[in-house]
Structures are given as C-alpha cells and as structure tokens.
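What follows is a short report on a single structure.
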Amino acid sequence: MVMQSAGTGIESQVASIVDGMRDMEGPLLPILHEVQEEFGYVPQEALPVIAKALNLSRAEVYGVVSFYHDYRKEPAGRHVLKVCQAESCQSMGSDEVAARFKQALGIGFHQTTPDGRVTLEPVYCLGMCACSPAAMLDGEVIGRIDAARVDEIIAEVRR
C-alpha cells in the first residue's frame with residue numbers, strides 16, 4: 001500500500017521516503033536518517049507525515065529526533081565542527097579548546113554562524129582518547145588540538 005502524498009514540497013518528499021522504508025523492521029531511525037540525508041536536517045513538517053505513516057504520535061517521533069544528538073532540527077552550516085566533550089578530552093583541555101572555538105566563531109554549541117559557514121556542536125567521544133583533545137570537521141577527525149590548531153581550523157572554515 002502506497003501512502004498518498006501528504007502535500008507539496010517537504011511533505012511529499014518525506015512521504016516518498018516513508019513509502020520506501022515503512023515496511024522495514026524498526027523503520028523510524030532509518031527513515032529519520034534518510035530524511036536528514038535528503039534535507040540536511042529533520043524538518044518539522046516531516047514529523048506528522050512520519051508519525052501518521054508509522055502509527056505513532058508526533059510526540060514520539062519528536063522525542064526520538066530530540067533525543068539523538070545527530071539529528072538536526074535546523075539546517076547546518078556549510079562546515080560542521082564537533083568538539084569532543086568526553087572525559088578524556090576534558091582532562092586534556094577540551095573545555096579551553098571549545099571556549100576558543102566559541103570565541104573565534106562568535107557562537108555557542110548547537111549554533112550556526114550568521115553567515116551560515118559553521119555549525120558548532122559538542123560530541124561525546126570520537127574514539128580519539130589517546131590523541132585528546134579531539135574534534136571533527138566535516139567528518140574528518142583531528143587529534144591533539146592546541147591553540148595553534150584551533151587557529152588553523154578557524155582559518156580553514158572561513159575560506
């Protein structure tokens with residue numbers, strides 16, 4: 001059974017994604033991943049479409065989106081910078097590294113620079129404990145970050 005289009009634009013694209021995945025076992029997370037892959041975030045308009053198709057409440061779908069840190073509720077910047085905040089990185093100075101990124105970019109965690117270039121996010125372990133403090137820029141892990149490396153990363157994302 002194919003779900004009827006829920007409307008135009010985002011809703012119809014989400015309906016198409018849901019139609020192709022709704023018969024999977026445990027389809028919610030794969031659907032949300034696919035929606036985020038398509039749009040770069042999980043739009044609010046997607047939630048009722050997904051909820052209706054999976055016989056869930058909007059609150060249940062929203063709860064999953066808000067629980068998992070990798071789902072975005074707004075579009076990310078051109079660059080996504082994740083700074084590890086796990087214990088190993090904290091013990092090696094990640095708080096200072098994060099503060100330096102925040103100051104240089106003029107934003108806090110979960111924010112995007114006004115020009116849309118950079119989104120700054122905390123992450124709780126990149127598996128680089130031996131190279132703490134660590135960060136990830138656009139999917140590339142960077143270890144042993146110091147003040148000089150912060151400046152290099154800032155210069156790179158401003159290009």
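Going through the structure tokens in order, the chains are called A, B, and so on, while each chain numbers its residues from 1 and the ligands are numbered from 1 in the order shown.
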Running DSSP on the backbone, which parts of region 6-153 of chain A land in alpha helix (DSSP H), as a PyMOL selection string? chain A and resi 10-21+28-39+46-54+58-67+87-91+94-105+147-153
Selection: 10 Å around Ala86 (chain A), only C-alpha atoms, excl. self and same-chain fewer than 2 positions, as number ranges by chain: A: 83-84, 88-91, 94, 122-127, 129, 132-134
Calculated over only C-alpha atoms, which of the candidates A:Glu37, A:Asp19, A:Asp115, A:Asp146 has the smallest distance to Tyr71 (chain A)?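 With only C-alpha atoms as the atom set, the closest residue is A:Glu37.
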Could you check the closest approach to Ala51 (chain A) for each of A:Leu28, A:Tyr68, A:Asp151, A:Ser16 and tell me which residue wins, using only C-alpha atoms? A:Leu28
Find the residues near Gln111 (chain A): any atom within 8 Å, counting only C-alpha atoms, skip ones fewer than 6 places away on the same chain, and give them as a list in words.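 Once the adjacent positions are removed, what remains is Thr119, Leu120 and Glu121 of chain A.
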